[in-house]
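Colleague: run05.csv is reproduced in full below (CSV, C-alpha atoms).
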chain,number,residue,atom,x,y,z
A,170,MET,CA,0.0,0.0,0.0
A,171,LEU,CA,1.1,3.6,-0.7
A,172,SER,CA,1.2,5.5,2.6
A,173,LEU,CA,1.0,9.3,2.4
A,174,TYR,CA,0.9,11.2,5.7
A,175,GLY,CA,-0.7,8.3,7.4
A,176,THR,CA,-3.3,7.5,4.8
A,177,GLU,CA,-3.0,4.3,2.8
A,178,PHE,CA,-3.9,3.9,-0.9
A,179,ALA,CA,-4.0,0.9,-3.2
A,180,SER,CA,-3.4,2.9,-6.4
A,181,ARG,CA,0.1,4.3,-7.1
A,182,LEU,CA,-1.2,6.7,-9.8
A,183,LEU,CA,-2.1,10.3,-8.9
A,184,LEU,CA,-4.0,12.1,-11.7
A,185,GLY,CA,-4.2,15.7,-12.7
A,186,THR,CA,-7.6,17.1,-13.7
A,187,ALA,CA,-6.5,19.7,-16.3
A,188,ARG,CA,-6.6,19.9,-20.1
A,189,TYR,CA,-9.1,17.1,-20.7
A,190,PRO,CA,-11.3,17.5,-23.8
A,191,SER,CA,-14.5,17.5,-21.6
A,192,PRO,CA,-15.6,16.9,-18.0
A,193,ALA,CA,-16.9,13.5,-19.1
A,194,ALA,CA,-13.5,12.6,-20.5
A,195,LEU,CA,-11.9,13.6,-17.2
A,196,ALA,CA,-14.4,11.5,-15.2
A,197,GLU,CA,-13.9,8.4,-17.5
A,198,ALA,CA,-10.1,8.8,-17.2
A,199,VAL,CA,-10.3,8.9,-13.4
A,200,ARG,CA,-12.3,5.7,-13.4
A,201,LYS,CA,-10.1,3.9,-15.9
A,202,SER,CA,-6.9,4.9,-14.1
A,203,ARG,CA,-8.3,3.5,-10.8
A,204,THR,CA,-6.6,6.5,-9.1
A,205,GLU,CA,-7.6,7.4,-5.6
A,206,ILE,CA,-6.1,10.9,-5.6
A,207,VAL,CA,-6.6,13.8,-8.1
A,208,THR,CA,-5.0,17.2,-8.2
A,209,VAL,CA,-7.0,20.3,-8.3
A,210,SER,CA,-6.3,24.0,-8.2
A,211,LEU,CA,-7.8,27.4,-7.4
A,212,ARG,CA,-8.4,30.3,-9.7
A,213,ARG,CA,-10.2,33.7,-9.7
A,214,GLU,CA,-13.9,33.1,-9.8
A,215,THR,CA,-15.9,35.1,-12.3
A,216,ALA,CA,-19.2,33.4,-12.4
A,217,GLY,CA,-20.4,34.1,-8.8
A,218,GLY,CA,-18.9,30.9,-7.5
A,219,ARG,CA,-20.9,28.6,-9.7
A,220,SER,CA,-18.4,27.5,-12.3
A,221,GLY,CA,-15.8,26.3,-9.8
A,222,GLY,CA,-18.5,24.7,-7.7
A,223,ALA,CA,-19.8,22.7,-10.5
A,224,PHE,CA,-16.3,21.3,-11.3
A,225,PHE,CA,-15.6,20.4,-7.7
A,226,GLU,CA,-19.0,18.7,-7.1
A,227,MET,CA,-18.2,16.5,-10.2
A,228,ILE,CA,-14.9,15.6,-8.6
A,229,GLN,CA,-16.6,14.8,-5.3
A,230,GLU,CA,-19.0,12.4,-7.1
A,231,LEU,CA,-16.0,10.4,-8.3
A,232,GLY,CA,-15.2,9.5,-4.7
A,233,VAL,CA,-11.4,10.3,-4.8
A,234,SER,CA,-9.2,12.3,-2.5
A,235,VAL,CA,-8.1,15.7,-3.7
A,236,LEU,CA,-4.6,17.2,-3.6
A,237,PRO,CA,-4.8,20.9,-4.1
A,238,ASN,CA,-1.9,22.7,-5.8
A,239,THR,CA,-0.3,26.1,-5.8
A,240,ALA,CA,0.3,26.1,-9.5
A,241,GLY,CA,1.3,29.4,-11.0
A,242,CYS,CA,2.7,30.8,-7.8
A,243,HIS,CA,6.1,32.5,-8.2
A,244,SER,CA,6.8,33.7,-4.6
A,245,ILE,CA,6.7,32.4,-1.1
A,246,SER,CA,3.9,34.7,-0.1
A,247,GLU,CA,1.7,33.8,-3.1
A,248,ALA,CA,2.2,30.1,-2.5
A,249,VAL,CA,1.5,30.3,1.3
A,250,LEU,CA,-1.7,32.4,0.8
A,251,THR,CA,-2.9,30.1,-2.0
A,252,ALA,CA,-2.3,27.1,0.2
A,253,LYS,CA,-4.4,28.6,3.0
A,254,MET,CA,-7.2,29.5,0.5
A,255,ALA,CA,-7.1,25.9,-0.8
A,256,ARG,CA,-7.4,24.5,2.7
A,257,GLU,CA,-10.4,26.8,3.2
A,258,VAL,CA,-12.2,25.4,0.1
A,259,PHE,CA,-11.1,21.8,-0.1
A,260,ARG,CA,-11.0,21.1,3.7
A,261,THR,CA,-7.7,19.2,3.6
A,262,ASP,CA,-4.3,19.8,5.1
A,263,TRP,CA,-2.7,18.4,2.0
A,264,ILE,CA,-1.0,20.8,-0.4
A,265,LYS,CA,1.0,20.2,-3.6
A,266,LEU,CA,3.4,23.0,-3.2
A,267,GLU,CA,4.7,24.6,-6.4
A,268,VAL,CA,6.8,27.7,-6.5
A,269,ILE,CA,7.8,28.3,-10.1
A,270,GLY,CA,11.2,29.8,-10.7
A,271,HIS,CA,11.6,29.8,-14.4
A,272,HIS,CA,9.0,30.7,-17.0
A,273,ASP,CA,10.2,28.4,-19.9
A,274,THR,CA,11.1,25.3,-18.0
A,275,LEU,CA,8.6,25.7,-15.1
A,276,GLN,CA,11.6,24.7,-12.9
A,277,PRO,CA,10.7,25.2,-9.3
A,278,ASP,CA,12.4,27.9,-7.3
A,279,VAL,CA,13.8,25.5,-4.8
A,280,PHE,CA,15.0,28.2,-2.4
A,281,ALA,CA,11.5,29.7,-2.1
A,282,LEU,CA,10.1,26.2,-2.1
A,283,ILE,CA,12.0,25.1,1.0
A,284,GLU,CA,11.0,28.3,2.9
A,285,ALA,CA,7.4,28.0,1.9
A,286,ALA,CA,7.4,24.3,2.9
A,287,ARG,CA,8.8,25.3,6.3
A,288,ILE,CA,6.1,27.9,6.8
A,289,LEU,CA,3.3,25.7,5.8
A,290,SER,CA,4.5,22.6,7.7
A,291,GLY,CA,4.6,24.9,10.8
A,292,GLU,CA,1.0,25.8,10.2
A,293,GLY,CA,-0.2,22.2,10.1
A,294,PHE,CA,-0.1,21.5,6.3
A,295,GLN,CA,1.0,18.2,4.9
A,296,VAL,CA,3.2,19.3,2.1
A,297,PHE,CA,3.8,17.5,-1.2
A,298,PRO,CA,6.6,19.6,-2.7
A,299,TYR,CA,7.1,19.7,-6.4
A,300,THR,CA,10.9,19.8,-6.6
A,301,THR,CA,13.8,18.9,-8.8
A,302,ASP,CA,15.8,15.7,-8.5
A,303,ASP,CA,18.5,17.5,-6.5
A,304,LEU,CA,19.5,15.5,-3.5
A,305,VAL,CA,20.5,18.4,-1.2
A,306,VAL,CA,17.3,20.2,-1.9
A,307,ALA,CA,15.4,17.0,-1.0
A,308,GLU,CA,17.3,16.9,2.4
A,309,LYS,CA,16.3,20.5,3.1
A,310,LEU,CA,12.7,19.8,2.3
A,311,LEU,CA,12.6,16.9,4.7
A,312,GLU,CA,14.2,19.2,7.3
A,313,ALA,CA,11.5,21.7,6.6
A,314,GLY,CA,8.9,19.2,7.6
A,315,CYS,CA,7.9,17.4,4.3
A,316,ARG,CA,7.3,13.7,4.6
A,317,VAL,CA,6.7,13.1,0.9
A,318,LEU,CA,8.9,14.3,-2.0
A,319,MET,CA,7.7,14.9,-5.5
A,320,PRO,CA,10.7,15.4,-7.9
A,321,TRP,CA,10.3,16.0,-11.6
A,322,CYS,CA,11.9,13.6,-14.0
A,323,ALA,CA,11.8,16.2,-16.8
A,324,PRO,CA,10.0,19.6,-17.2
A,325,ILE,CA,6.2,19.7,-16.7
A,326,GLY,CA,4.4,18.6,-19.9
A,327,SER,CA,7.6,17.9,-21.7
A,328,ALA,CA,6.9,14.1,-22.1
A,329,MET,CA,10.6,13.5,-22.1
A,330,GLY,CA,10.5,10.8,-19.4
A,331,PRO,CA,13.2,10.2,-16.9
A,332,VAL,CA,16.2,12.1,-18.3
A,333,ASN,CA,18.5,11.6,-15.2
A,334,GLN,CA,17.9,8.2,-13.8
A,335,SER,CA,21.1,8.3,-11.7
A,336,ALA,CA,19.6,11.3,-9.8
A,337,LEU,CA,16.4,9.4,-9.2
A,338,ARG,CA,18.3,6.4,-8.0
A,339,ALA,CA,20.2,8.5,-5.6
A,340,LEU,CA,17.0,9.9,-4.1
A,341,ARG,CA,15.7,6.4,-3.7
A,342,ALA,CA,18.9,5.2,-2.1
A,343,ASN,CA,19.2,8.1,0.3
A,344,PHE,CA,15.6,8.2,1.4
A,345,PRO,CA,14.4,4.6,1.6
A,346,GLU,CA,11.6,5.4,4.0
A,347,ILE,CA,10.2,8.6,2.3
A,348,PRO,CA,7.4,8.2,-0.3
A,349,LEU,CA,8.8,9.4,-3.6
A,350,ILE,CA,6.4,10.4,-6.3
A,351,VAL,CA,7.6,11.5,-9.8
A,352,ASP,CA,5.6,14.6,-10.5
A,353,ALA,CA,6.4,15.8,-13.9
A,354,GLY,CA,7.8,14.9,-17.3
A,355,ILE,CA,6.2,11.5,-17.9
A,356,GLY,CA,5.1,11.1,-21.5
A,357,ARG,CA,4.2,7.5,-21.9
A,358,PRO,CA,3.5,4.4,-19.9
A,359,SER,CA,7.0,3.0,-20.4
A,360,HIS,CA,8.4,6.1,-18.6
A,361,ALA,CA,6.2,5.4,-15.7
A,362,ALA,CA,7.3,1.8,-15.6
A,363,VAL,CA,10.9,2.8,-15.5
A,364,VAL,CA,10.6,5.1,-12.5
A,365,MET,CA,8.5,2.5,-10.7
A,366,GLU,CA,11.3,-0.1,-11.5
A,367,LEU,CA,13.7,2.4,-9.9
A,368,GLY,CA,11.7,2.0,-6.7
A,369,PHE,CA,9.6,5.1,-6.7
A,370,ASP,CA,6.4,4.8,-4.8
A,371,ALA,CA,4.0,6.5,-7.2
A,372,VAL,CA,3.6,8.6,-10.3
A,373,LEU,CA,1.6,11.8,-10.8
A,374,LEU,CA,0.4,12.4,-14.3
A,375,ASN,CA,-1.7,14.9,-16.2
A,376,THR,CA,-0.9,15.9,-19.7
A,377,ALA,CA,0.2,12.5,-20.8
A,378,VAL,CA,-3.3,11.3,-20.1
A,379,ALA,CA,-5.4,14.4,-20.8
A,380,ALA,CA,-3.8,15.1,-24.2
A,381,ALA,CA,-3.8,11.5,-25.4
A,382,GLY,CA,-6.1,10.6,-28.3
A,383,ASP,CA,-8.2,8.5,-25.9
A,384,PRO,CA,-7.6,9.8,-22.4
A,385,ALA,CA,-9.5,6.9,-20.7
A,386,ALA,CA,-7.6,4.2,-22.6
A,387,MET,CA,-4.3,6.0,-21.8
A,388,ALA,CA,-5.2,6.2,-18.1
A,389,HIS,CA,-5.7,2.5,-18.1
A,390,ALA,CA,-2.4,1.9,-19.9
A,391,PHE,CA,-0.6,4.0,-17.3
A,392,ALA,CA,-2.3,2.1,-14.5
A,393,LEU,CA,-1.0,-1.2,-15.9
A,394,ALA,CA,2.5,0.1,-16.5
A,395,ILE,CA,2.7,1.5,-13.0
A,396,GLU,CA,1.6,-1.8,-11.5
A,397,ALA,CA,4.0,-3.7,-13.7
A,398,GLY,CA,6.9,-1.4,-12.7
A,399,ARG,CA,6.1,-1.8,-9.0
A,400,GLN,CA,5.9,-5.6,-9.2
A,401,ALA,CA,9.2,-5.7,-11.1
A,402,PHE,CA,10.9,-3.6,-8.4
A,403,ARG,CA,9.6,-5.8,-5.7
A,404,ALA,CA,10.5,-9.0,-7.6
A,405,GLY,CA,14.2,-8.0,-7.9
A,406,MET,CA,15.5,-7.3,-11.4
A,407,LEU,CA,18.6,-8.7,-13.2
A,408,GLU,CA,21.4,-6.1,-13.4
A,409,PRO,CA,22.9,-5.4,-16.8
A,410,ARG,CA,26.1,-7.2,-17.7
A,411,ASP,CA,28.9,-6.6,-20.2
A,412,MET,CA,29.2,-10.2,-21.4
A,413,ALA,CA,26.7,-12.8,-22.6
A,414,VAL,CA,25.5,-15.4,-20.1
A,415,PRO,CA,23.9,-18.5,-21.6
A,416,SER,CA,20.3,-19.1,-20.4
A,417,THR,CA,20.3,-22.8,-21.3
A,418,PRO,CA,22.4,-25.0,-19.0
A,419,ILE,CA,25.6,-26.3,-20.6
A,420,ILE,CA,25.9,-29.4,-18.4
A,421,GLY,CA,24.7,-32.5,-20.1
A,422,LYS,CA,24.9,-31.1,-23.6
A,423,ALA,CA,25.5,-33.7,-26.2
A,424,VAL,CA,29.0,-33.9,-27.9
A,425,PHE,CA,28.7,-34.8,-31.6
A,426,GLN,CA,32.4,-34.8,-32.6
B,81,MET,CA,-16.4,52.5,-2.5
B,82,LYS,CA,-13.9,51.4,-5.0
B,83,PHE,CA,-12.2,48.0,-4.6
B,84,ILE,CA,-9.8,45.9,-6.6
B,85,VAL,CA,-11.7,42.6,-7.0
B,86,ASN,CA,-9.8,39.8,-8.7
B,87,GLY,CA,-7.5,42.4,-10.2
B,88,GLU,CA,-10.3,44.6,-11.6
B,89,GLU,CA,-11.5,47.9,-10.2
B,90,ARG,CA,-15.1,47.7,-9.1
B,91,GLU,CA,-17.4,50.2,-7.4
B,92,VAL,CA,-19.6,48.4,-4.9
B,93,ALA,CA,-21.8,49.8,-2.0
B,94,ALA,CA,-20.4,47.4,0.5
B,95,THR,CA,-18.9,47.9,3.9
B,96,THR,CA,-18.1,44.2,4.7
B,97,LEU,CA,-16.7,41.4,2.6
B,98,HIS,CA,-20.0,39.5,3.1
B,99,GLU,CA,-21.9,42.4,1.6
B,100,LEU,CA,-19.5,42.7,-1.3
B,101,LEU,CA,-19.9,39.0,-2.2
B,102,SER,CA,-23.6,39.3,-2.0
B,103,LEU,CA,-23.8,42.4,-4.1
B,104,LEU,CA,-21.5,40.9,-6.8
B,105,ASP,CA,-23.7,37.8,-6.8
B,106,TYR,CA,-21.1,35.4,-5.4
B,107,ARG,CA,-23.3,32.7,-3.9
B,108,GLY,CA,-21.4,29.4,-4.4
B,109,ARG,CA,-20.4,27.3,-1.4
B,110,TRP,CA,-16.9,26.7,-2.8
B,111,LEU,CA,-15.2,30.1,-2.5
B,112,ALA,CA,-12.1,31.2,-0.7
B,113,THR,CA,-11.5,34.9,0.0
B,114,ALA,CA,-8.6,37.1,0.9
B,115,VAL,CA,-8.3,40.8,1.6
B,116,ASN,CA,-5.0,42.6,1.0
B,117,GLY,CA,-3.1,39.3,1.0
B,118,GLU,CA,-4.7,37.8,4.1
B,119,LEU,CA,-7.1,34.9,4.1
B,120,VAL,CA,-10.6,35.7,5.4
B,121,HIS,CA,-12.4,32.5,6.6
B,122,SER,CA,-16.0,32.2,5.4
B,123,GLU,CA,-17.3,32.6,8.9
B,124,ASP,CA,-15.4,35.9,9.3
B,125,ARG,CA,-16.6,37.6,6.1
B,126,ILE,CA,-19.7,39.1,7.8
B,127,LYS,CA,-17.5,41.1,10.2
B,128,ARG,CA,-14.5,41.8,7.9
B,129,THR,CA,-15.0,45.5,7.1
B,130,LEU,CA,-13.6,46.9,3.9
B,131,ALA,CA,-11.8,50.2,3.1
B,132,GLU,CA,-11.4,52.1,-0.1
B,133,ARG,CA,-9.0,50.4,-2.6
B,134,ASP,CA,-8.8,47.1,-0.6
B,135,ARG,CA,-7.6,44.3,-2.8
B,136,ILE,CA,-10.0,41.4,-2.7
B,137,GLU,CA,-9.3,37.9,-4.1
B,138,ILE,CA,-12.2,35.5,-4.7
B,139,LEU,CA,-11.1,32.0,-5.7
B,140,SER,CA,-12.9,28.8,-6.5
B,141,PRO,CA,-11.9,25.3,-7.5
B,142,MET,CA,-10.7,24.6,-11.0
B,143,GLN,CA,-8.9,21.8,-12.9
B,144,GLY,CA,-5.2,21.5,-12.0
B,145,GLY,CA,-2.2,19.2,-12.6
Any chance you could give the structure as structure tokens?

Modeller:
Amino acid sequence: MLSLYGTEFASRLLLGTARYPSPAALAEAVRKSRTEIVTVSLRRETAGGRSGGAFFEMIQELGVSVLPNTAGCHSISEAVLTAKMAREVFRTDWIKLEVIGHHDTLQPDVFALIEAARILSGEGFQVFPYTTDDLVVAEKLLEAGCRVLMPWCAPIGSAMGPVNQSALRALRANFPEIPLIVDAGIGRPSHAAVVMELGFDAVLLNTAVAAAGDPAAMAHAFALAIEAGRQAFRAGMLEPRDMAVPSTPIIGKAVFQ
Amino acid sequence: MKFIVNGEEREVAATTLHELLSLLDYRGRWLATAVNGELVHSEDRIKRTLAERDRIEILSPMQGG
């Protein structure tokens, strides 16, 4: 089971709710993914509170937990206030903390992220920090009170997959007890399988599912890949070798000359 | 009085945050509010008085990744 701040989940796939072709497509993708956690956001309301309400009531009908984010925040104060407003609306201490530092790559401002995580942890939030794969930043986030880490494996929405597997391995090796969730950069199910084979605990997806030709079918494909990767990690995989090793035993082989 | 509501200047005859929401027809259950960068809980809106040029943010749920 995946344990996040004391709550256990059978599914190891977290799904974003943005960019689907329709609300019905989102709902079907959630069902096919078998996810138990979806990410949501907050934005300025222009329709008297009714447009956001309709969306959130649809999410509630799906029976999943929500992980609100601070997407779009570029400063500590913005992120902290957005987190507080999210807690007001969604009635959860969970917050996916994003503090963006670079417009083109959407790379997190890890210095602001650490400080915001420290402030929010001190105010009772359970912080899911969107971070890079930097080991030292990860240590600082844990010192700030985080009990989950969500490193990218490539920039958000890039679909590049795990570009620095050695960094992901280092995170896993250094923090064996901390839930590690890859939070950005996954493009296809094989990418998700790779990070799960590395021992990551879960994968958070959005664009790879939402922008697929058939989001529900892709959500199901990701669910299978994530489960396959997890089972492979637990089964113990063969390490690569430089030389061939015969798979068929030599002993008892007939000699014809 | 004039306020900055979600980044836009609005003239509203409101003295409290509760009145402002009502006059601007914000009636949904799923709203979060802040005045001048400070969260105002839903139960406190009725007593949160407003001043000229206060910056008011009114947020609600939306899709997110």

Colleague: Looking at only C-alpha atoms, which of B:Ile126, B:Met81, B:Val120, B:Leu111 is the one that sits closest to Glu99 of chain B?

Modeller: B:Ile126

Colleague: Taking only C-alpha atoms into account and nothing else, which residues of chain A lie no more than 8 Å away from chain B? Please answer as a ChimeraX atom specification.

Modeller: /A:184-188,208-214,216-219,221-222,224-225,237-238,240,250,253-255,257-258,374-376

Colleague: Suppose you want the space between atom CA of Ala353 of chain A and atom CA of Lys265 of chain A; what is it in Å?

Modeller: 12.4 Å

Colleague: I'd like to know which of A:Ile347, A:Gly175, A:Asp352, A:Ala336 is closest to Pro320 of chain A, using only C-alpha atoms.

Modeller: A:Asp352

Colleague: So which residues fall inside 7 Å of (9.9, 14.0, -11.1) if we count only C-alpha atoms? Mind giving them as an mmCIF file with C-alpha atoms, in the coordinates of the input?

Modeller:
data_model
loop_
_atom_site.group_PDB
_atom_site.id
_atom_site.type_symbol
_atom_site.label_atom_id
_atom_site.label_comp_id
_atom_site.auth_asym_id
_atom_site.auth_seq_id
_atom_site.Cartn_x
_atom_site.Cartn_y
_atom_site.Cartn_z
ATOM 1 C CA THR A 301 13.800 18.900 -8.800
ATOM 2 C CA ASP A 302 15.800 15.700 -8.500
ATOM 3 C CA MET A 319 7.700 14.900 -5.500
ATOM 4 C CA PRO A 320 10.700 15.400 -7.900
ATOM 5 C CA TRP A 321 10.300 16.000 -11.600
ATOM 6 C CA CYS A 322 11.900 13.600 -14.000
ATOM 7 C CA ALA A 323 11.800 16.200 -16.800
ATOM 8 C CA ILE A 350 6.400 10.400 -6.300
ATOM 9 C CA VAL A 351 7.600 11.500 -9.800
ATOM 10 C CA ASP A 352 5.600 14.600 -10.500
ATOM 11 C CA ALA A 353 6.400 15.800 -13.900
ATOM 12 C CA GLY A 354 7.800 14.900 -17.300
#

Colleague: Write out as a PyMOL selection string each polymer residue whose atoms come within 9 Å of Asp134 of chain B, counting only C-alpha atoms; drop sequence neighbours fewer than 6 positions from it.

Modeller: chain B and resi 82-85+115-116

Colleague: Kindly provide, as number ranges by chain, the polymer residues lying within 8 Å of (3.3, 6.3, -15.3), counting all atoms listed in the file and using the coordinates exactly as they appear in the file.

Modeller: A: 182, 355, 357-362, 364-365, 372-374, 391-392, 394-395

Colleague: Draw an axis-aligned box tight on the listed atoms of segment 306-321 of chain A, then pad every side by 8 Å and write out centre and edge lengths in Å to one decimal as AutoDock Vina command-line options.

Modeller:
--center_x 12.0 --center_y 17.4 --center_z -2.0 --size_x 26.6 --size_y 24.6 --size_z 35.2

Colleague: Take atom CA of Ile288 of chain A and atom CA of Val249 of chain A and report the distance between them in Å, one decimal.

Modeller: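 Atom-to-atom, atom CA of Ile288 of chain A to atom CA of Val249 of chain A, that is 7.6 Å.
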
Colleague: Please indicate the distance in Å from atom CA of Phe297 of chain A to atom CA of Ala386 of chain A, rounded to one decimal place.

Modeller: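 Distance between the two atoms: 27.7 Å.
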
Colleague: Show me, as a PyMOL selection string, the residues that have an atom within 9 Å of Ala94 of chain B when counting all atoms listed in the file, minus same-chain residues fewer than 2 positions from it.

Modeller: chain B and resi 81+91-92+96-101+103+129-130

Colleague: Output segment 222-233 of chain A as a PDB file, in the frame of the given file, making sure N, CA, C and O atoms are there.

Modeller:
ATOM      1  N   GLY A 222     -17.680  25.645  -8.480  1.00  0.00           N
ATOM      2  CA  GLY A 222     -18.500  24.700  -7.700  1.00  0.00           C
ATOM      3  C   GLY A 222     -18.935  23.532  -8.471  1.00  0.00           C
ATOM      4  O   GLY A 222     -18.903  22.400  -7.987  1.00  0.00           O
ATOM      5  N   ALA A 223     -19.353  23.764  -9.705  1.00  0.00           N
ATOM      6  CA  ALA A 223     -19.800  22.700 -10.500  1.00  0.00           C
ATOM      7  C   ALA A 223     -18.698  21.656 -10.792  1.00  0.00           C
ATOM      8  O   ALA A 223     -18.899  20.432 -10.744  1.00  0.00           O
ATOM      9  N   PHE A 224     -17.490  22.174 -11.053  1.00  0.00           N
ATOM     10  CA  PHE A 224     -16.300  21.300 -11.300  1.00  0.00           C
ATOM     11  C   PHE A 224     -16.057  20.469 -10.011  1.00  0.00           C
ATOM     12  O   PHE A 224     -15.888  19.248 -10.079  1.00  0.00           O
ATOM     13  N   PHE A 225     -16.032  21.137  -8.865  1.00  0.00           N
ATOM     14  CA  PHE A 225     -15.600  20.400  -7.700  1.00  0.00           C
ATOM     15  C   PHE A 225     -16.712  19.402  -7.234  1.00  0.00           C
ATOM     16  O   PHE A 225     -16.392  18.324  -6.727  1.00  0.00           O
ATOM     17  N   GLU A 226     -17.965  19.722  -7.471  1.00  0.00           N
ATOM     18  CA  GLU A 226     -19.000  18.700  -7.100  1.00  0.00           C
ATOM     19  C   GLU A 226     -18.901  17.516  -8.032  1.00  0.00           C
ATOM     20  O   GLU A 226     -19.155  16.392  -7.587  1.00  0.00           O
ATOM     21  N   MET A 227     -18.469  17.694  -9.281  1.00  0.00           N
ATOM     22  CA  MET A 227     -18.200  16.500 -10.200  1.00  0.00           C
ATOM     23  C   MET A 227     -17.086  15.694  -9.614  1.00  0.00           C
ATOM     24  O   MET A 227     -17.175  14.454  -9.580  1.00  0.00           O
ATOM     25  N   ILE A 228     -16.027  16.342  -9.137  1.00  0.00           N
ATOM     26  CA  ILE A 228     -14.900  15.600  -8.600  1.00  0.00           C
ATOM     27  C   ILE A 228     -15.343  14.828  -7.328  1.00  0.00           C
ATOM     28  O   ILE A 228     -14.981  13.659  -7.130  1.00  0.00           O
ATOM     29  N   GLN A 229     -16.145  15.454  -6.510  1.00  0.00           N
ATOM     30  CA  GLN A 229     -16.600  14.800  -5.300  1.00  0.00           C
ATOM     31  C   GLN A 229     -17.416  13.530  -5.602  1.00  0.00           C
ATOM     32  O   GLN A 229     -17.338  12.530  -4.899  1.00  0.00           O
ATOM     33  N   GLU A 230     -18.173  13.587  -6.688  1.00  0.00           N
ATOM     34  CA  GLU A 230     -19.000  12.400  -7.100  1.00  0.00           C
ATOM     35  C   GLU A 230     -18.099  11.240  -7.488  1.00  0.00           C
ATOM     36  O   GLU A 230     -18.555  10.095  -7.459  1.00  0.00           O
ATOM     37  N   LEU A 231     -16.856  11.507  -7.853  1.00  0.00           N
ATOM     38  CA  LEU A 231     -16.000  10.400  -8.300  1.00  0.00           C
ATOM     39  C   LEU A 231     -15.396   9.669  -7.050  1.00  0.00           C
ATOM     40  O   LEU A 231     -14.779   8.612  -7.212  1.00  0.00           O
ATOM     41  N   GLY A 232     -15.558  10.224  -5.859  1.00  0.00           N
ATOM     42  CA  GLY A 232     -15.200   9.500  -4.700  1.00  0.00           C
ATOM     43  C   GLY A 232     -13.666   9.367  -4.451  1.00  0.00           C
ATOM     44  O   GLY A 232     -13.200   8.368  -3.889  1.00  0.00           O
ATOM     45  N   VAL A 233     -12.892  10.351  -4.907  1.00  0.00           N
ATOM     46  CA  VAL A 233     -11.400  10.300  -4.800  1.00  0.00           C
ATOM     47  C   VAL A 233     -10.979  11.411  -3.810  1.00  0.00           C
ATOM     48  O   VAL A 233     -11.700  12.389  -3.582  1.00  0.00           O
TER      49      VAL A 233
END
